[in-house]
file final38.txt (compact mmCIF, C-alpha atoms and all ligand atoms)
# COMPACT_ATOMS: atom_id res chain seq x y z
CA MET A 1 -23.32 28.97 1.51
CA VAL A 2 -21.83 28.43 -1.89
CA LEU A 3 -24.03 25.78 -3.28
CA SER A 4 -27.36 26.27 -1.66
CA CYS A 5 -30.37 27.38 -3.53
CA CYS A 6 -31.00 29.80 -0.66
CA SER A 7 -28.01 31.87 -1.72
CA VAL A 8 -29.83 32.70 -4.90
CA GLY A 9 -32.57 35.29 -4.99
CA SER A 10 -36.07 33.95 -4.42
CA HIS A 11 -37.25 35.48 -7.71
CA TYR A 12 -35.34 32.76 -9.60
CA HIS A 13 -37.31 29.89 -11.03
CA PRO A 14 -36.59 26.66 -9.04
CA VAL A 15 -35.38 24.86 -12.17
CA ALA A 16 -32.94 27.67 -12.86
CA VAL A 17 -31.77 27.45 -9.27
CA ILE A 18 -31.23 23.69 -9.53
CA LYS A 19 -29.37 24.09 -12.80
CA GLN A 20 -27.21 26.81 -11.30
CA ASN A 21 -26.47 24.67 -8.25
CA ILE A 22 -25.48 21.70 -10.37
CA ARG A 23 -23.40 23.81 -12.71
CA ARG A 24 -21.53 25.32 -9.78
CA LEU A 25 -21.01 21.90 -8.24
CA LEU A 26 -19.71 20.47 -11.48
CA LEU A 27 -17.35 23.35 -12.07
CA THR A 28 -16.04 23.15 -8.54
CA PHE A 29 -15.65 19.40 -8.68
CA GLU A 30 -13.92 19.66 -12.00
CA ALA A 31 -11.48 22.16 -10.52
CA LEU A 32 -10.96 19.91 -7.48
CA SER A 33 -10.30 16.93 -9.67
CA ASP A 34 -7.70 18.91 -11.59
CA LEU A 35 -6.11 20.38 -8.50
CA GLY A 36 -5.86 17.11 -6.56
CA PRO A 37 -3.52 15.31 -8.97
CA ALA A 38 -1.57 18.53 -9.61
CA MET A 39 -0.59 18.60 -5.96
CA THR A 40 1.16 15.27 -6.08
CA ALA A 41 2.32 15.34 -9.71
CA GLU A 42 5.97 14.81 -10.43
CA ARG A 43 5.81 17.44 -13.14
CA ASP A 44 7.66 20.68 -12.92
CA PHE A 45 6.03 23.57 -11.10
CA SER A 46 6.28 25.68 -14.26
CA GLU A 47 3.78 23.23 -15.83
CA THR A 48 1.46 22.66 -12.89
CA ALA A 49 1.15 26.33 -11.83
CA PRO A 50 -0.57 27.46 -15.08
CA GLN A 51 -2.72 24.31 -14.99
CA MET A 52 -3.91 25.03 -11.45
CA LEU A 53 -4.58 28.65 -12.32
CA ALA A 54 -6.58 27.62 -15.38
CA SER A 55 -8.73 25.13 -13.39
CA LEU A 56 -9.47 27.70 -10.76
CA MET A 57 -10.30 30.42 -13.29
CA ASP A 58 -12.59 28.08 -15.25
CA ALA A 59 -14.53 27.26 -12.09
CA LEU A 60 -15.15 30.96 -11.55
CA ASP A 61 -15.64 32.08 -15.16
CA ALA A 62 -12.63 34.37 -14.71
CA ARG A 63 -11.07 35.80 -17.87
CA GLU A 64 -7.93 37.18 -16.25
CA GLY A 65 -5.91 35.84 -13.37
CA ALA A 66 -2.45 35.34 -11.94
CA LEU A 67 -0.82 33.08 -9.40
CA PHE A 68 1.91 34.50 -7.16
CA ARG A 69 4.34 32.94 -4.75
CA PHE A 70 5.50 34.79 -1.66
CA SER A 71 9.18 35.42 -1.20
CA ASP A 72 10.09 36.67 2.25
CA LYS A 73 13.57 38.12 1.85
CA PRO A 74 12.69 40.76 0.82
CA ALA A 75 8.94 40.38 1.25
CA MET A 76 7.25 40.40 -2.14
CA MET A 77 4.76 38.59 -4.37
CA VAL A 78 6.29 37.16 -7.55
CA SER A 79 4.03 35.92 -10.34
CA VAL A 80 4.52 32.28 -11.39
CA ALA A 81 1.60 32.02 -13.84
CA ASP A 82 -0.77 34.41 -15.53
CA ARG A 83 -3.56 34.05 -18.01
CA GLY A 84 -5.84 36.26 -20.05
CA PHE A 85 -4.33 39.72 -19.51
CA ALA A 86 -3.64 41.80 -22.59
CA ALA A 87 -0.29 42.76 -21.09
CA PHE A 88 1.34 41.30 -18.00
CA PRO A 89 4.89 41.81 -16.69
CA GLN A 90 7.13 38.69 -16.71
CA PRO A 91 7.33 38.29 -13.83
CA ALA A 92 5.04 40.65 -11.98
CA LEU A 93 6.69 41.80 -8.74
CA ILE A 94 4.77 43.40 -5.89
CA PRO A 95 6.89 44.43 -2.88
CA LEU A 96 5.15 44.08 0.49
CA LEU A 97 5.53 46.07 3.69
CA PRO A 98 5.07 44.31 7.05
CA LYS A 99 1.54 45.76 7.28
CA HIS A 100 0.64 44.12 3.95
CA VAL A 101 1.99 40.75 5.06
CA HIS A 102 0.02 41.12 8.28
CA THR A 103 -3.21 41.93 6.41
CA LEU A 104 -2.76 39.06 3.93
CA LEU A 105 -2.14 36.67 6.81
CA LYS A 106 -5.13 37.82 8.81
CA THR A 107 -7.66 38.23 6.00
CA PRO A 108 -9.94 35.25 6.61
CA ALA A 109 -11.38 34.95 3.09
CA PRO A 110 -10.81 36.21 -0.44
CA SER A 111 -11.37 39.97 -0.76
CA HIS A 112 -12.52 42.32 -3.48
CA LEU A 113 -9.82 44.70 -4.65
CA THR A 114 -10.53 48.25 -5.70
CA PHE A 115 -8.30 51.10 -6.63
CA ASP A 116 -8.96 52.52 -3.15
CA ASN A 117 -8.24 49.46 -1.00
CA TRP A 118 -5.33 48.02 -3.04
CA GLY A 119 -2.88 49.73 -0.65
CA ASP A 120 -4.30 47.79 2.32
CA TYR A 121 -3.16 44.49 0.80
CA LEU A 122 -0.30 45.28 -1.58
CA SER A 123 2.14 48.09 -2.13
CA THR A 124 1.85 50.24 -5.23
CA ASN A 125 5.60 50.11 -5.83
CA GLY A 126 5.54 47.00 -7.98
CA ASN A 127 5.34 46.67 -11.74
CA LEU A 128 1.63 45.81 -11.73
CA ALA A 129 -0.98 48.53 -12.13
CA PRO A 130 -3.42 48.83 -9.21
CA GLY A 131 -6.91 48.28 -10.54
CA LEU A 132 -5.90 45.40 -12.78
CA MET A 133 -7.07 42.88 -10.19
CA LYS A 134 -10.67 42.61 -9.00
CA CYS A 135 -10.15 40.19 -6.13
CA ILE A 136 -7.42 38.30 -4.30
CA ALA A 137 -7.19 35.14 -2.25
CA PRO A 138 -4.13 35.00 0.01
CA LEU A 139 -2.60 31.50 0.02
CA ARG A 140 -1.71 30.25 3.46
CA VAL A 141 -0.52 26.96 4.89
CA ALA A 142 -0.93 26.78 8.64
CA SER A 143 0.00 30.35 9.67
CA ARG A 144 2.43 30.95 6.83
CA LEU A 145 1.82 33.16 3.81
CA VAL A 146 2.87 31.24 0.70
CA GLY A 147 1.40 33.28 -2.15
CA MET A 148 -1.82 34.64 -3.58
CA VAL A 149 -4.26 34.19 -6.41
CA ALA A 150 -5.38 37.45 -8.00
CA LEU A 151 -8.22 37.57 -10.50
CA GLY A 152 -9.06 40.28 -13.03
CA GLN A 153 -12.17 40.56 -15.18
CA ARG A 154 -14.79 37.80 -15.30
CA ALA A 155 -16.54 36.73 -18.47
CA GLU A 156 -18.89 39.49 -19.64
CA ALA A 157 -17.46 41.72 -16.90
CA ALA A 158 -19.71 39.98 -14.33
CA PRO A 159 -18.93 40.83 -10.72
CA TYR A 160 -17.46 38.27 -8.28
CA GLY A 161 -20.44 37.51 -6.08
CA GLU A 162 -20.58 35.85 -2.68
CA GLU A 163 -20.75 32.44 -4.30
CA GLU A 164 -17.64 32.95 -6.46
CA MET A 165 -15.68 34.37 -3.52
CA HIS A 166 -16.56 31.34 -1.41
CA THR A 167 -15.56 28.94 -4.18
CA LEU A 168 -12.31 30.82 -4.62
CA GLY A 169 -11.60 30.42 -0.90
CA LEU A 170 -12.34 26.70 -1.12
CA LEU A 171 -10.09 26.02 -4.10
CA SER A 172 -7.26 28.20 -2.87
CA HIS A 173 -6.54 25.64 -0.08
CA PHE A 174 -5.34 23.23 -2.75
CA VAL A 175 -3.31 25.78 -4.64
CA ALA A 176 -1.71 26.91 -1.37
CA MET A 177 -0.54 23.37 -0.64
CA HIS A 178 1.09 23.04 -4.00
CA VAL A 179 2.76 26.46 -3.94
CA HIS A 180 4.00 25.71 -0.45
CA ASN A 181 5.50 22.43 -1.61
CA HIS A 182 7.26 24.25 -4.40
CA ASN A 183 8.61 26.91 -2.04
CA LEU A 184 10.10 24.18 0.09
CA THR A 185 12.24 22.75 -2.68
CA GLU A 186 14.88 25.33 -1.83
CA THR A 187 15.98 23.34 1.18
CA LEU A 188 15.82 19.63 0.67
CA ALA A 189 15.93 18.64 4.33
CA GLN A 190 13.30 21.19 5.19
CA ARG A 191 11.22 19.93 2.30
CA VAL A 192 11.25 16.34 3.51
CA THR A 193 10.27 17.31 7.04
CA GLU A 194 7.58 19.74 5.97
CA ASN A 195 6.17 17.36 3.39
CA LEU A 196 5.81 14.66 5.99
CA LYS A 197 3.88 17.06 8.18
CA LEU A 198 1.78 18.12 5.22
CA MET A 199 1.03 14.55 4.25
CA ALA A 200 -0.13 13.93 7.78
CA THR A 201 -2.62 16.78 7.48
CA ILE A 202 -3.59 16.33 3.86
CA HIS A 203 -6.80 14.56 4.81
CA ASN A 204 -7.68 17.47 7.06
CA PHE A 205 -7.34 19.87 4.18
CA TYR A 206 -9.41 17.58 2.07
CA ASP A 207 -11.93 17.11 4.84
CA ASN A 208 -12.30 20.86 5.29
CA THR A 209 -13.18 21.22 1.65
CA LEU A 210 -15.60 18.31 1.67
CA GLU A 211 -17.14 19.50 4.93
CA ALA A 212 -18.09 22.64 3.04
CA PHE A 213 -19.78 20.48 0.40
CA ALA A 214 -21.56 18.44 3.06
CA ALA A 215 -22.86 21.58 4.73
CA ALA A 216 -24.03 22.84 1.34
CA ILE A 217 -25.97 19.61 0.67
CA ASP A 218 -27.59 19.71 4.11
CA PHE A 219 -28.50 23.38 3.70
CA LYS A 220 -31.20 22.26 1.28
CA HIS A 221 -33.74 21.89 4.07
CA VAL A 222 -33.84 22.37 7.82
CA ASN A 223 -34.85 18.71 8.28
CA ILE A 224 -31.53 17.47 6.96
CA HIS A 225 -29.23 20.07 8.49
CA GLY A 226 -26.08 18.39 9.73
CA HIS A 227 -27.03 14.97 8.29
CA SER A 228 -24.13 14.55 5.84
CA LEU A 229 -21.56 15.77 8.36
CA ARG A 230 -22.85 13.32 10.97
CA VAL A 231 -22.96 10.42 8.50
CA GLY A 232 -19.35 11.18 7.51
CA ARG A 233 -18.31 11.11 11.13
CA TYR A 234 -20.33 8.02 12.04
CA ALA A 235 -19.08 6.10 8.97
CA SER A 236 -15.42 6.85 9.66
CA ASP A 237 -15.80 5.94 13.35
CA ILE A 238 -17.48 2.65 12.41
CA ALA A 239 -14.61 1.95 10.00
CA ASP A 240 -12.17 2.72 12.79
CA ALA A 241 -13.99 0.38 15.19
CA ILE A 242 -13.77 -2.52 12.75
CA SER A 243 -10.06 -1.87 12.21
CA LEU A 244 -10.06 -0.72 8.61
CA ASP A 245 -6.82 1.05 7.78
CA GLN A 246 -6.57 4.79 8.19
CA SER A 247 -6.85 5.63 4.50
CA GLU A 248 -10.17 3.73 4.41
CA VAL A 249 -11.31 5.55 7.55
CA ALA A 250 -10.53 8.93 5.96
CA GLY A 251 -12.11 7.80 2.68
CA LEU A 252 -15.30 6.74 4.43
CA ARG A 253 -15.52 10.12 6.13
CA ALA A 254 -15.30 11.80 2.72
CA ALA A 255 -17.82 9.36 1.24
CA GLY A 256 -20.22 10.02 4.13
CA TYR A 257 -19.93 13.76 3.56
CA LEU A 258 -20.84 13.33 -0.10
CA HIS A 259 -23.24 10.37 -0.02
CA ASP A 260 -26.37 12.50 -0.54
CA ILE A 261 -24.88 14.95 -3.01
CA GLY A 262 -27.61 14.06 -5.52
CA LYS A 263 -30.16 15.67 -3.17
CA VAL A 264 -29.16 19.09 -4.48
CA ALA A 265 -31.51 18.35 -7.38
CA VAL A 266 -34.44 16.98 -5.34
CA ASP A 267 -37.43 19.29 -4.82
CA LYS A 268 -36.91 20.72 -1.34
CA ARG A 269 -40.66 20.48 -0.65
CA LEU A 270 -40.17 16.70 -0.28
CA PHE A 271 -37.84 17.15 2.69
CA GLY A 272 -40.50 19.01 4.64
CA LYS A 273 -43.50 16.85 3.75
CA ALA A 274 -45.52 16.06 6.86
CA SER A 275 -46.47 12.56 5.69
CA ALA A 276 -44.78 9.63 3.95
CA LEU A 277 -43.85 10.20 0.30
CA ASP A 278 -46.18 8.89 -2.40
CA GLU A 279 -44.79 6.64 -5.12
CA ALA A 280 -43.79 9.39 -7.56
CA GLU A 281 -42.24 11.43 -4.77
CA PHE A 282 -40.33 8.43 -3.49
CA ARG A 283 -38.99 7.79 -6.98
CA GLU A 284 -37.83 11.39 -7.25
CA MET A 285 -36.13 11.14 -3.86
CA ALA A 286 -34.57 7.76 -4.73
CA ASP A 287 -33.08 9.27 -7.89
CA HIS A 288 -30.61 11.21 -5.71
CA THR A 289 -28.44 8.06 -5.76
CA THR A 290 -28.07 7.88 -9.54
CA LEU A 291 -27.95 11.63 -9.99
CA GLY A 292 -25.30 11.89 -7.27
CA HIS A 293 -23.35 9.16 -9.04
CA GLN A 294 -23.50 11.13 -12.28
CA ILE A 295 -22.16 14.17 -10.44
CA VAL A 296 -19.18 12.44 -8.83
CA GLN A 297 -18.24 9.80 -11.39
CA GLY A 298 -15.18 10.77 -13.34
CA VAL A 299 -13.96 13.03 -10.55
CA GLN A 300 -10.56 11.86 -9.42
CA PHE A 301 -10.90 11.68 -5.65
CA PRO A 302 -8.00 10.59 -3.47
CA TRP A 303 -10.28 7.70 -2.43
CA ALA A 304 -11.70 5.86 -5.42
CA LYS A 305 -14.77 4.36 -3.73
CA ILE A 306 -16.71 7.62 -3.33
CA PRO A 307 -18.83 7.16 -6.50
CA GLU A 308 -19.90 3.62 -5.49
CA VAL A 309 -20.93 4.82 -2.04
CA VAL A 310 -22.92 7.71 -3.53
CA ARG A 311 -24.75 5.26 -5.81
CA SER A 312 -25.19 2.27 -3.48
CA HIS A 313 -25.69 3.56 0.07
CA HIS A 314 -29.41 2.67 -0.11
CA GLU A 315 -28.77 -0.89 -1.32
CA ARG A 316 -29.68 -3.56 1.24
CA ILE A 317 -28.22 -7.04 1.70
CA ASP A 318 -31.53 -8.77 0.79
CA GLY A 319 -31.85 -6.93 -2.52
CA THR A 320 -34.71 -4.64 -1.37
CA GLY A 321 -32.65 -1.47 -1.71
CA TYR A 322 -32.09 0.81 -4.67
CA PRO A 323 -31.16 1.83 -7.34
CA ASP A 324 -29.67 -1.50 -8.59
CA HIS A 325 -31.24 -3.98 -6.14
CA LEU A 326 -27.81 -5.40 -5.34
CA GLN A 327 -27.68 -8.39 -3.00
CA GLN A 328 -25.31 -9.87 -0.44
CA ASP A 329 -21.63 -9.28 -1.24
CA SER A 330 -22.39 -7.33 -4.38
CA VAL A 331 -23.25 -4.40 -2.11
CA PRO A 332 -19.82 -2.78 -1.72
CA GLU A 333 -18.42 -2.85 1.82
CA ALA A 334 -18.02 0.95 1.92
CA ALA A 335 -21.65 1.43 0.88
CA ARG A 336 -22.76 -1.02 3.58
CA ILE A 337 -20.91 0.99 6.24
CA VAL A 338 -22.28 4.33 5.05
CA GLY A 339 -25.73 2.67 4.79
CA VAL A 340 -25.62 1.77 8.49
CA ALA A 341 -24.35 5.25 9.46
CA ASP A 342 -27.04 6.86 7.31
CA THR A 343 -29.83 4.70 8.77
CA PHE A 344 -28.70 5.32 12.34
CA ASP A 345 -28.70 9.09 11.78
CA ALA A 346 -32.06 9.03 10.01
CA MET A 347 -33.64 6.99 12.83
CA THR A 348 -32.31 9.26 15.57
CA SER A 349 -33.32 12.46 13.74
CA GLU A 350 -36.71 14.12 13.86
CA ARG A 351 -38.95 13.89 10.83
CA PRO A 352 -42.11 15.92 10.18
CA TYR A 353 -44.17 12.74 10.51
CA ARG A 354 -42.44 11.03 13.45
CA ARG A 355 -40.44 11.72 16.59
CA PRO A 356 -36.79 10.71 16.66
CA MET A 357 -36.00 7.25 17.99
CA SER A 358 -33.88 6.99 21.12
CA ILE A 359 -30.40 5.50 20.75
CA GLY A 360 -31.62 2.23 22.28
CA GLU A 361 -34.65 2.03 19.99
CA ALA A 362 -32.51 2.73 16.92
CA LEU A 363 -29.86 0.13 17.82
CA ASN A 364 -32.50 -2.50 18.56
CA GLU A 365 -34.28 -1.79 15.29
CA ILE A 366 -31.05 -2.01 13.30
CA VAL A 367 -30.05 -5.26 15.02
CA LYS A 368 -33.54 -6.61 14.26
CA LEU A 369 -32.91 -5.96 10.54
CA THR A 370 -29.41 -7.48 10.59
CA PRO A 371 -28.17 -9.46 8.68
CA THR A 372 -31.30 -9.33 6.47
CA LYS A 373 -30.70 -5.75 5.46
CA TYR A 374 -27.60 -4.51 7.23
CA ASP A 375 -24.03 -5.71 7.36
CA PRO A 376 -23.40 -7.33 10.78
CA VAL A 377 -19.76 -6.19 10.87
CA ALA A 378 -20.72 -2.56 10.27
CA VAL A 379 -23.49 -2.83 12.89
CA GLN A 380 -20.96 -4.32 15.29
CA GLY A 381 -18.75 -1.25 14.67
CA LEU A 382 -21.69 1.05 15.41
CA ILE A 383 -22.38 -0.75 18.68
CA VAL A 384 -18.70 -0.57 19.71
CA GLN A 385 -18.70 3.20 19.18
CA VAL A 386 -21.96 3.78 21.05
CA ARG A 387 -20.60 1.67 23.90
CA ARG A 388 -17.48 3.87 24.04
CA ASP A 389 -19.75 6.87 24.71
CA THR A 390 -21.77 5.05 27.35
CA VAL A 391 -18.58 4.12 29.20
CA ALA A 392 -17.43 7.75 29.12
CA ASN A 393 -20.91 8.86 30.22
CA SER A 394 -20.80 6.54 33.24
CA ALA A 395 -17.36 7.86 34.16
CA ALA A 396 -18.66 11.41 33.77
CA GLN A 397 -21.59 10.72 36.05
CA MET A 398 -19.17 9.55 38.69
CA THR A 399 -16.87 12.58 38.35
CA GLY A 400 -19.70 15.01 37.59
CA LYS A 401 -18.41 16.05 34.17
CA TRP A 402 -17.73 14.65 30.72
CA ALA A 403 -14.65 12.51 30.97
CA GLN A 404 -12.56 12.44 27.80
CA PRO A 405 -11.65 8.93 26.71
CA LYS A 406 -7.98 8.09 27.18
CA SER A 407 -7.32 8.38 23.45
CA ASP A 408 -8.59 11.98 23.41
CA LYS A 409 -11.04 10.92 20.74
CA PRO A 410 -14.13 13.05 20.55
CA LYS A 411 -17.31 11.26 21.53
CA PHE A 412 -19.14 9.33 18.85
CA LEU A 413 -22.73 10.48 19.18
CA ASP A 414 -23.71 13.90 17.99
CA ASP A 415 -24.18 16.55 20.68
CA HIS A 416 -27.93 16.84 20.14
CA LEU A 417 -28.44 13.16 21.02
CA ARG A 418 -29.14 12.12 24.56
CA CYS A 419 -27.77 8.68 25.24
CA ASP A 420 -30.33 6.68 27.21
CA LEU A 421 -28.14 3.60 27.55
CA GLY A 422 -25.51 2.32 29.94
CA PRO A 423 -22.64 0.00 28.96
CA THR A 424 -24.58 -3.07 30.08
CA ASP A 425 -27.58 -2.10 27.92
CA VAL A 426 -25.27 -1.87 24.92
CA ASP A 427 -23.67 -5.19 25.83
CA TYR A 428 -27.11 -6.74 25.83
CA ILE A 429 -27.84 -5.37 22.35
CA ALA A 430 -24.42 -6.63 21.20
CA SER A 431 -25.26 -10.07 22.56
CA LEU A 432 -28.55 -10.06 20.58
CA LEU A 433 -26.57 -9.39 17.42
CA GLN A 434 -24.05 -12.08 18.33
CA HIS A 435 -26.87 -14.52 19.00
CA LYS A 436 -28.42 -13.81 15.59
CA MET A 437 -25.11 -14.22 13.83
CA THR A 438 -24.30 -17.54 15.50
CA ARG A 439 -27.96 -18.58 15.39
CA GLY A 440 -27.78 -19.28 19.09
CA ARG A 441 -24.96 -21.77 18.85
CA VAL A 442 -22.72 -21.75 21.87
CA TYR A 443 -19.03 -22.32 21.34
CA SER A 444 -16.63 -23.43 23.99
CA ALA A 445 -12.86 -23.33 23.88
FE FE A 501 -29.22 8.96 0.60

call {"tool": "encode", "arguments": {"input": "final38.txt", "output": "structure tokens", "more": "lines below"}}
Ligand SMILES: [Fe+2]
result
Amino acid sequence: MVLSCCSVGSHYHPVAVIKQNIRRLLLTFEALSDLGPAMTAERDFSETAPQMLASLMDALDAREGALFRFSDKPAMMVSVADRGFAAFPQPALIPLLPKHVHTLLKTPAPSHLTFDNWGDYLSTNGNLAPGLMKCIAPLRVASRLVGMVALGQRAEAAPYGEEEMHTLGLLSHFVAMHVHNHNLTETLAQRVTENLKLMATIHNFYDNTLEAFAAAIDFKHVNIHGHSLRVGRYASDIADAISLDQSEVAGLRAAGYLHDIGKVAVDKRLFGKASALDEAEFREMADHTTLGHQIVQGVQFPWAKIPEVVRSHHERIDGTGYPDHLQQDSVPEAARIVGVADTFDAMTSERPYRRPMSIGEALNEIVKLTPTKYDPVAVQGLIVQVRRDTVANSAAQMTGKWAQPKSDKPKFLDDHLRCDLGPTDVDYIASLLQHKMTRGRVYSA
């Protein structure tokens, strides 16, 4: 995985590994923050194409690179931006045979280019010398080839390692979207239709990229594998259950994916400790909130609340949380939702020093601490989503298989969790919450 310390040789000093991880994260985030606005900018493609290429090259320490768009009649790659080459044709044209188009479409990830394998990807009949490029990333949107990024030498002639190739693959999603948009300008009607479709899937593209980050954060230690991905899912489903609008739902998913990004710098020994953390260790662990905030602040995300969630997801309503000891409404709503999702996942996950709680135990414990520590509305959303699963489970028991809910929504709880509750058990827990919130007052119409 791109960002994990495990992708670096074990002979590296841990501090060097941490520094390298953070540097890679920062470079990638910087490139993402540049690429995001470029996609929706009103500026001319002739301005944004070199800018995108430059961001991507900076993230990879590439000295030489070029961005191509695909033209299908006749099939060829045409350069739209280049940077760093001593001499580069204007434009560079590389004709493609059907076998090349097929290979570029089917190649799942960026590939190294050598003099010998150039002919597998590109014809040699163009005006660009084979051997000039060291690696390529085909740009695709859905199943359509839209262009490619080709990179030449890196700084100090360093090779493109596994990490750089993965980062290139990640960033090329964004470039592909923008090149595709540009290609569509040729037919206005087609452009409007396609853009609408693209806008509908833009969060998926974004999610895919952030999912990769989440997986990288969780790769730190086996005890937190899958945690960020689950928190992203739980938080967005809670937001959905409490009727936040869809941009907030998508934003909360992204924020959940990234909430623990500061943990990349925490000593991984702490994640595997078989007992509770001592004071110094707790402080180091708690610093992941402020460090994560430093990492993401200033990055222009499509959803502006990500930095506040990263910083404040451990704040609690009664002021006992950290790092700023915020109280009541000063804890941002998004952080309160991610805080509930995070707590629920932590409670239902195994730790070296305790067994995982059952779903019922976790819900009861959270309700017990609401509204003292947790936001009752977010907890209500959690209960609604768990109930949805219990209803589907009951239906499945009757039909003998998992019954998909009518909305085709995937189930809420992660696959590894066994739900020990029925709908009436959840209703009882919901009534406990209701009772606490109304302090036992009974209202009649
Ligand atoms: Fe956290």

call {"tool": "residues_near_ligand", "arguments": {"input": "final38.txt", "ligand": "ligand FE 501 (chain A)", "cutoff": "7 Å", "atoms": "only C-alpha atoms and all ligand atoms", "output": "MDAnalysis selection string"}}
result
chainID A and resid 259:260 288:289 313:314

call {"tool": "closest_residue", "arguments": {"input": "final38.txt", "among": "A:Arg418, A:Lys305, A:Lys409, A:Arg69", "to": "A:Asp240", "atoms": "only C-alpha atoms"}}
result
A:Lys409

call {"tool": "atom_distance", "arguments": {"input": "final38.txt", "atom1": "atom CA of A:Leu171", "atom2": "atom CA of A:Asp237"}}
result
27.2 Å

call {"tool": "residues_around", "arguments": {"input": "final38.txt", "residues": "A:His173", "least_positions_apart": "4", "cutoff": "8 Å", "atoms": "only C-alpha atoms", "output": "ChimeraX atom specification"}}
result
/A:139-141,169,177,205

call {"tool": "atom_distance", "arguments": {"input": "final38.txt", "atom1": "atom CA of A:Gly147", "atom2": "atom CA of A:Ala81"}}
result
11.8 Å

call {"tool": "closest_residue", "arguments": {"input": "final38.txt", "among": "A:Ala235, A:Ala142, A:Met165, A:Val175", "to": "A:Ala378", "atoms": "only C-alpha atoms"}}
result
A:Ala235

call {"tool": "residues_around", "arguments": {"input": "final38.txt", "residues": "A:Arg351", "least_positions_apart": "3", "cutoff": "10 Å", "atoms": "all atoms listed in the file", "output": "VMD selection string"}}
result
chain A and resid 223 to 224 271 to 276 346 to 348 354 to 356

call {"tool": "residues_around", "arguments": {"input": "final38.txt", "residues": "A:Val331", "least_positions_apart": "6", "cutoff": "8 Å", "atoms": "only C-alpha atoms", "output": "list in words"}}
result
Ser312, Glu315, Arg316 and Ile317 of chain A

call {"tool": "atom_distance", "arguments": {"input": "final38.txt", "atom1": "atom CA of A:Cys135", "atom2": "atom CA of A:Phe85"}}
result
14.6 Å

call {"tool": "residues_around", "arguments": {"input": "final38.txt", "residues": "stretch 100-111 of chain A", "least_positions_apart": "4", "cutoff": "9 Å", "atoms": "only C-alpha atoms", "output": "ChimeraX atom specification"}}
result
/A:75-76,96,119-123,134-140,143-145,148,165-166,168-169

call {"tool": "write_last_selection", "arguments": {"input": "final38.txt", "atoms": "C-alpha atoms", "output": "PDB file, keeping the file's coordinate frame"}}
result
ATOM      1  CA  ALA A  75       8.940  40.380   1.250  1.00  0.00           C
ATOM      2  CA  MET A  76       7.250  40.400  -2.140  1.00  0.00           C
ATOM      3  CA  LEU A  96       5.150  44.080   0.490  1.00  0.00           C
ATOM      4  CA  GLY A 119      -2.880  49.730  -0.650  1.00  0.00           C
ATOM      5  CA  ASP A 120      -4.300  47.790   2.320  1.00  0.00           C
ATOM      6  CA  TYR A 121      -3.160  44.490   0.800  1.00  0.00           C
ATOM      7  CA  LEU A 122      -0.300  45.280  -1.580  1.00  0.00           C
ATOM      8  CA  SER A 123       2.140  48.090  -2.130  1.00  0.00           C
ATOM      9  CA  LYS A 134     -10.670  42.610  -9.000  1.00  0.00           C
ATOM     10  CA  CYS A 135     -10.150  40.190  -6.130  1.00  0.00           C
ATOM     11  CA  ILE A 136      -7.420  38.300  -4.300  1.00  0.00           C
ATOM     12  CA  ALA A 137      -7.190  35.140  -2.250  1.00  0.00           C
ATOM     13  CA  PRO A 138      -4.130  35.000   0.010  1.00  0.00           C
ATOM     14  CA  LEU A 139      -2.600  31.500   0.020  1.00  0.00           C
ATOM     15  CA  ARG A 140      -1.710  30.250   3.460  1.00  0.00           C
ATOM     16  CA  SER A 143       0.000  30.350   9.670  1.00  0.00           C
ATOM     17  CA  ARG A 144       2.430  30.950   6.830  1.00  0.00           C
ATOM     18  CA  LEU A 145       1.820  33.160   3.810  1.00  0.00           C
ATOM     19  CA  MET A 148      -1.820  34.640  -3.580  1.00  0.00           C
ATOM     20  CA  MET A 165     -15.680  34.370  -3.520  1.00  0.00           C
ATOM     21  CA  HIS A 166     -16.560  31.340  -1.410  1.00  0.00           C
ATOM     22  CA  LEU A 168     -12.310  30.820  -4.620  1.00  0.00           C
ATOM     23  CA  GLY A 169     -11.600  30.420  -0.900  1.00  0.00           C
TER      24      GLY A 169
END
